[in-house]
Amino acid sequence: RAVTEVFVSLYEEGLIYRGQRLVNWDPVLHTAISDLEVVSEEEDGHLWHMRYPRADGKGFVVVATTRPETMLGDAAVAVHPEDDRYKDLVGKEVELPLTGRTIPVIADDYVDPEFGSGCVKITPAHDFNDYEVGQRHDLPLLNIFTVDAALNDNAPEAYRGMDRYAARKQIVADLEAAGLMEKIEDHKLMVPRGDRSGEVVEPYLTDQWFVKIGPLAEPAIKAVEDGRIRFVPENWSRTYFEWMRNIQDWCISRQLWWGHRIPAWYDEEGNIFVGRSEEEVREKYASRLTPDTSLSRDEDVLDTWFSSALWPFSTLGWPARTGDLETFYPTSVLVTGFDIIFFWVARMIMMGLKFMGEVPFREVYIHGLVRDSEGQKMSKSKGNILDPLDLIDGITLEALVAKRTSGLMQPQLAPRIEKATRKAYPDGIQPYGTDSLRFTFASLATQGRDIRFDVGRIQGYRNFCNKLWNAARYVMLSAEANDLDINKGEVELGLPERWITTVLARTMRTVEESIAAYRFDLAAQALYEFTWDEYCDWYLELSNTTLGDEAATEAQKRGTLRTLLGNLEVLLRLLHPFMPFITEELWHRVAPRLDRQGKTIMLQPYPAAAEAAEDESTLAEISWLKAFILGVRRIRAERDIPPARPLAVQVTGGSKEESVWLQRNRARIRFLARVESVTEVEKEPEDAVVALAGAMTLLVPLANLIDPEAELERLEKELNKLKTDRDRTAKKLDNESFVARAPAEVVDKERHRLAETTASLDKLERQYQRIRNLVNQGV
RNA sequence: GGGCGAUUAGCUCAGCGGGAGAGCACUGCCUUCACACGGCAGGGGUCGCUGGUUCAAUCCCAGCAUCGCCCACCA
């Protein structure tokens, strides 16, 4: 009903008309198609140079063509008006070989004098350019093809009924026989094919329905220009403008079996009557129609994109003024791929503005197109399709091969497809699950236009799902192991608790901003990093220190458990849009422990960063603590010390603040770095391995374990790194214009860096000397 | 011909004016009681090339090269 309504109303306004025009004709499907449904590709062909004898007998003109068979429909030969070579020829006639006709020579600046001979044959009924030229010069339209693109009765008898390609061969042969073929060159040309049939389409003269698009396009261009509609990424608006400003009338009739029938009726003389129904037509045109006039309805149907263009309001009940329409039009965002900006997006904008008087949506989020790992567009005929279900449920190699090689348009490709498939997926595809797939696509949703699908990526995110699951398991186990009522009683939040909550708050902010900017990749990345690198790698370990500490108070344990569970619960809600199933399942286990009720996580509020508590002061302390622990771990790894063997660590130097931090975090260091003792000493031991944590030096005395040569080598490497760093910074600060012109903040930062690297260098240098001495003494 | 985009670690990609990051892959150690779909530690990049702007360029500008996409009527 909406379709009929729109059609009739556009017709009444004169924006839909029926006319005989050249359209792209698919000779296999026997239908007209729109410009957008034609795909041109470069193919090898020839350029035939043909001689047309001058009517006055003074030799020939030579015309070049890629389609010799169309010469039977030629109406003229054209030259450029300023081309001196042919000036005298304009207005004269030439003989059109094989036909017995003569045709005029005309001047038109469409002709490029540089190309070929500078003479062009003009075939108005079979070429879009020639049609234009024909219109300008009032040339006759001579259609020489049938709907199958075979020659019709307008062609000389000898060629009638021949297919266009057979005719081409015959005509070329005949011209050669007559000595009228000057030469044949190889030539690359763009060949237009129908995107459905793959057949070469023919510009063909038929009666079709068109939408006069100019008056619709103009407001649609304006809507994007003045920002009522915004493309994301913004660049796509340029593509949109480019097309809209060069738009041609839209051929909307199709000679197909299915679709919306065109609401037009014809009487016996072929007069057109447009209306919502035959009854309406009879009523409306009663003055011209008698009740016994027989009317027949137009056999054609509408281009499917015609009804799709109405989608934003037709789905809401239009033309009825429904509540839905009132509430939901316009929508806020349209999410789509760039391949249908023209087909669909632009047309929805035009129709929306026309019939609703308002844009159909405010933002158009254009995402990339998924391609295979080679960057090829996925298509059934190439056999490189990845079915989402196969990624979710997995598929064996044999089943995948069978799937890809069945029902092919070109069965001869099967062996190649099979080979490629066996190579790309030697073990088939593992089941990765819905959440992994969804998270993968979120993280692949970058600003680019292509998304190469890489199985490695989904595998990584499958592991991530698993990580989250196991982390939650740990949290639940910890909660069960303590029979504290965590929701009642005194709560004390320790350093790690305040820290992880702060980091979570910052993650929330990043996620919030990223989603607002349609950067789902950045949101996904932030969540991944928080979950894995902070919550699992550090906080779970730190929480263990408190929970496993017999000296810890109930209030402390309660604080830890509440933070473990509480942050996990928030994290689940944050992750829910990215991995709906796992988060739902886990949420039902976690939430009740926090006395949080709900039927589903889907109805829970999305966490808002503004409500989160932050404690900046924890960041520096934890990052120092991490440096300390990493330092010890590194010594252990590089000196090949068994992980189970506890170390005694001595520390020297360090700021006052760091001393305080050390006192506060002894238990955590002991636990996480597997250290049996940390002692502050004045004098550095003779034989030790060293690491730095801020201004503090960590020393692990290793009398017999140490391999002095190896240690010297390691130190040397580190010293070199620090030296280049120091030199570069020093050089920068020596530069007067840097100090004068760079922002004070940046200069400060550089000064700081210089001080730090110099201090570190100093410490490592001393260590280096000590070991050097040791080695020398040994010798 | 016009328009748009890409070029960053072996691969897939983030970053985009103040000392380059992730995932996968790679190397070594570890079956430590959430997780071997794991832990810990590491290796790997003159950020396509040439100029310019700037105190400072992977990032901004210009040109070039290579690759890609979309439009278009060069017979």
# chains A, B, ... in the order shown; residues from 1 in each chain; ligands from 1
>>> residues_around(residues="Arg664 in chain A", least_positions_apart="5", cutoff="12 Å", atoms="only C-alpha atoms (C1' of nucleotides)", output="NGL selection string")
:A and (494-496 or 621-622 or 625 or 657-659 or 669-670)
>>> interface_residues(of="chain B", to="chain A", cutoff="10 Å", atoms="only C-alpha atoms (C1' of nucleotides)", output="PyMOL selection string")
chain B and resi 2-6+11-14+18-19+22-25+28-30+32+34-35+37-42+55-56+68-75
>>> closest_residue(among="A:Thr553, A:Thr396, A:Thr405, A:Thr99", to="Gly428 in chain A", atoms="only C-alpha atoms")
A:Thr396
>>> residues_around(residues="Leu22 in chain A", least_positions_apart="5", cutoff="9 Å", atoms="only C-alpha atoms (C1' of nucleotides)", output="JSON, numbers by chain")
{"A": [124, 125, 126, 127, 128, 131, 203, 204, 205, 206, 207]}
>>> write_last_selection(atoms="all heavy atoms", output="mmCIF file, in the first residue's frame")
data_model
loop_
_atom_site.group_PDB
_atom_site.id
_atom_site.type_symbol
_atom_site.label_atom_id
_atom_site.label_comp_id
_atom_site.auth_asym_id
_atom_site.auth_seq_id
_atom_site.Cartn_x
_atom_site.Cartn_y
_atom_site.Cartn_z
ATOM 1 N N PRO A 124 22.460 5.831 -32.472
ATOM 2 C CA PRO A 124 21.672 6.391 -31.369
ATOM 3 C C PRO A 124 20.861 5.359 -30.593
ATOM 4 O O PRO A 124 20.618 5.552 -29.406
ATOM 5 C CB PRO A 124 20.747 7.390 -32.059
ATOM 6 C CG PRO A 124 21.371 7.649 -33.384
ATOM 7 C CD PRO A 124 22.112 6.412 -33.763
ATOM 8 N N ALA A 125 20.483 4.273 -31.224
ATOM 9 C CA ALA A 125 19.618 3.327 -30.529
ATOM 10 C C ALA A 125 20.403 2.292 -29.735
ATOM 11 O O ALA A 125 19.814 1.483 -29.026
ATOM 12 C CB ALA A 125 18.708 2.626 -31.542
ATOM 13 N N HIS A 126 21.739 2.330 -29.806
ATOM 14 C CA HIS A 126 22.494 1.280 -29.135
ATOM 15 C C HIS A 126 23.722 1.746 -28.390
ATOM 16 O O HIS A 126 24.632 0.981 -28.128
ATOM 17 C CB HIS A 126 22.865 0.181 -30.150
ATOM 18 C CG HIS A 126 21.655 -0.483 -30.707
ATOM 19 N ND1 HIS A 126 20.897 -1.358 -29.979
ATOM 20 C CD2 HIS A 126 21.024 -0.357 -31.896
ATOM 21 C CE1 HIS A 126 19.858 -1.753 -30.702
ATOM 22 N NE2 HIS A 126 19.912 -1.155 -31.866
ATOM 23 N N ASP A 127 23.714 3.020 -28.060
ATOM 24 C CA ASP A 127 24.837 3.538 -27.295
ATOM 25 C C ASP A 127 24.375 4.809 -26.599
ATOM 26 O O ASP A 127 23.712 5.652 -27.203
ATOM 27 C CB ASP A 127 26.012 3.835 -28.230
ATOM 28 C CG ASP A 127 27.232 4.314 -27.472
ATOM 29 O OD1 ASP A 127 27.252 5.498 -27.068
ATOM 30 O OD2 ASP A 127 28.141 3.511 -27.254
ATOM 31 N N PHE A 128 24.717 4.916 -25.317
ATOM 32 C CA PHE A 128 24.213 6.041 -24.533
ATOM 33 C C PHE A 128 24.733 7.379 -25.037
ATOM 34 O O PHE A 128 23.999 8.357 -25.110
ATOM 35 C CB PHE A 128 24.553 5.854 -23.056
ATOM 36 C CG PHE A 128 23.775 4.741 -22.417
ATOM 37 C CD1 PHE A 128 24.348 3.503 -22.205
ATOM 38 C CD2 PHE A 128 22.455 4.932 -22.061
ATOM 39 C CE1 PHE A 128 23.612 2.474 -21.630
ATOM 40 C CE2 PHE A 128 21.715 3.912 -21.478
ATOM 41 C CZ PHE A 128 22.297 2.676 -21.264
ATOM 42 N N TYR A 131 23.171 8.222 -28.309
ATOM 43 C CA TYR A 131 21.784 8.624 -28.106
ATOM 44 C C TYR A 131 21.732 10.142 -27.893
ATOM 45 O O TYR A 131 20.929 10.837 -28.505
ATOM 46 C CB TYR A 131 21.208 7.888 -26.902
ATOM 47 C CG TYR A 131 19.777 8.215 -26.611
ATOM 48 C CD1 TYR A 131 18.756 7.575 -27.295
ATOM 49 C CD2 TYR A 131 19.433 9.166 -25.654
ATOM 50 C CE1 TYR A 131 17.433 7.874 -27.034
ATOM 51 C CE2 TYR A 131 18.115 9.476 -25.390
ATOM 52 C CZ TYR A 131 17.115 8.832 -26.077
ATOM 53 O OH TYR A 131 15.802 9.137 -25.828
ATOM 54 N N PRO A 203 22.580 -1.565 -24.357
ATOM 55 C CA PRO A 203 21.753 -0.353 -24.307
ATOM 56 C C PRO A 203 20.590 -0.591 -25.262
ATOM 57 O O PRO A 203 20.805 -0.900 -26.439
ATOM 58 C CB PRO A 203 22.677 0.748 -24.833
ATOM 59 C CG PRO A 203 24.056 0.182 -24.747
ATOM 60 C CD PRO A 203 23.896 -1.301 -24.933
ATOM 61 N N TYR A 204 19.387 -0.502 -24.784
ATOM 62 C CA TYR A 204 18.261 -0.979 -25.575
ATOM 63 C C TYR A 204 17.094 -0.032 -25.403
ATOM 64 O O TYR A 204 16.807 0.448 -24.296
ATOM 65 C CB TYR A 204 17.884 -2.382 -25.086
ATOM 66 C CG TYR A 204 16.955 -3.133 -25.997
ATOM 67 C CD1 TYR A 204 17.332 -3.438 -27.303
ATOM 68 C CD2 TYR A 204 15.722 -3.575 -25.534
ATOM 69 C CE1 TYR A 204 16.481 -4.157 -28.124
ATOM 70 C CE2 TYR A 204 14.874 -4.293 -26.348
ATOM 71 C CZ TYR A 204 15.249 -4.591 -27.660
ATOM 72 O OH TYR A 204 14.406 -5.305 -28.456
ATOM 73 N N LEU A 205 16.440 0.207 -26.537
ATOM 74 C CA LEU A 205 15.373 1.188 -26.559
ATOM 75 C C LEU A 205 14.051 0.535 -26.169
ATOM 76 O O LEU A 205 13.529 -0.292 -26.887
ATOM 77 C CB LEU A 205 15.281 1.722 -27.986
ATOM 78 C CG LEU A 205 14.677 3.088 -28.209
ATOM 79 C CD1 LEU A 205 15.392 4.133 -27.367
ATOM 80 C CD2 LEU A 205 14.783 3.434 -29.677
ATOM 81 N N THR A 206 13.530 0.880 -24.992
ATOM 82 C CA THR A 206 12.245 0.307 -24.575
ATOM 83 C C THR A 206 11.446 1.345 -23.815
ATOM 84 O O THR A 206 11.962 2.369 -23.401
ATOM 85 C CB THR A 206 12.431 -0.883 -23.618
ATOM 86 O OG1 THR A 206 13.285 -0.463 -22.558
ATOM 87 C CG2 THR A 206 12.984 -2.093 -24.311
ATOM 88 N N ASP A 207 10.177 1.022 -23.590
ATOM 89 C CA ASP A 207 9.327 1.862 -22.746
ATOM 90 C C ASP A 207 9.555 1.469 -21.310
ATOM 91 O O ASP A 207 9.421 0.299 -20.960
ATOM 92 C CB ASP A 207 7.857 1.641 -23.122
ATOM 93 C CG ASP A 207 7.523 2.331 -24.418
ATOM 94 O OD1 ASP A 207 7.895 3.507 -24.547
ATOM 95 O OD2 ASP A 207 6.918 1.692 -25.305
#
>>> select_by_dssp(residues="range 546-629 of chain A", states="helix (DSSP H, G or I)", output="VMD selection string")
chain A and resid 546 to 547 554 to 575 580 to 594 601 to 603 609 to 611 617 to 629
>>> select_by_dssp(residues="range 548-690 of chain A", states="strand (DSSP E)", output="count of residues only")
16
>>> closest_residue(among="A:Phe355, A:Tyr539, A:Phe628, A:Phe441", to="Gly368 in chain A", atoms="only C-alpha atoms")
A:Phe441
>>> closest_residue(among="A:Arg770, A:Arg666, A:Arg509, A:Arg645", to="Pro708 in chain A", atoms="only C-alpha atoms")
A:Arg770
>>> atom_distance(atom1="CA of Gly57 in chain A", atom2="CA of Ile103 in chain A")
14.2 Å
>>> closest_residue(among="A:Glu114, A:Asp324, A:Asp26, A:Glu93", to="Ser197 in chain A", atoms="only C-alpha atoms")
A:Asp26
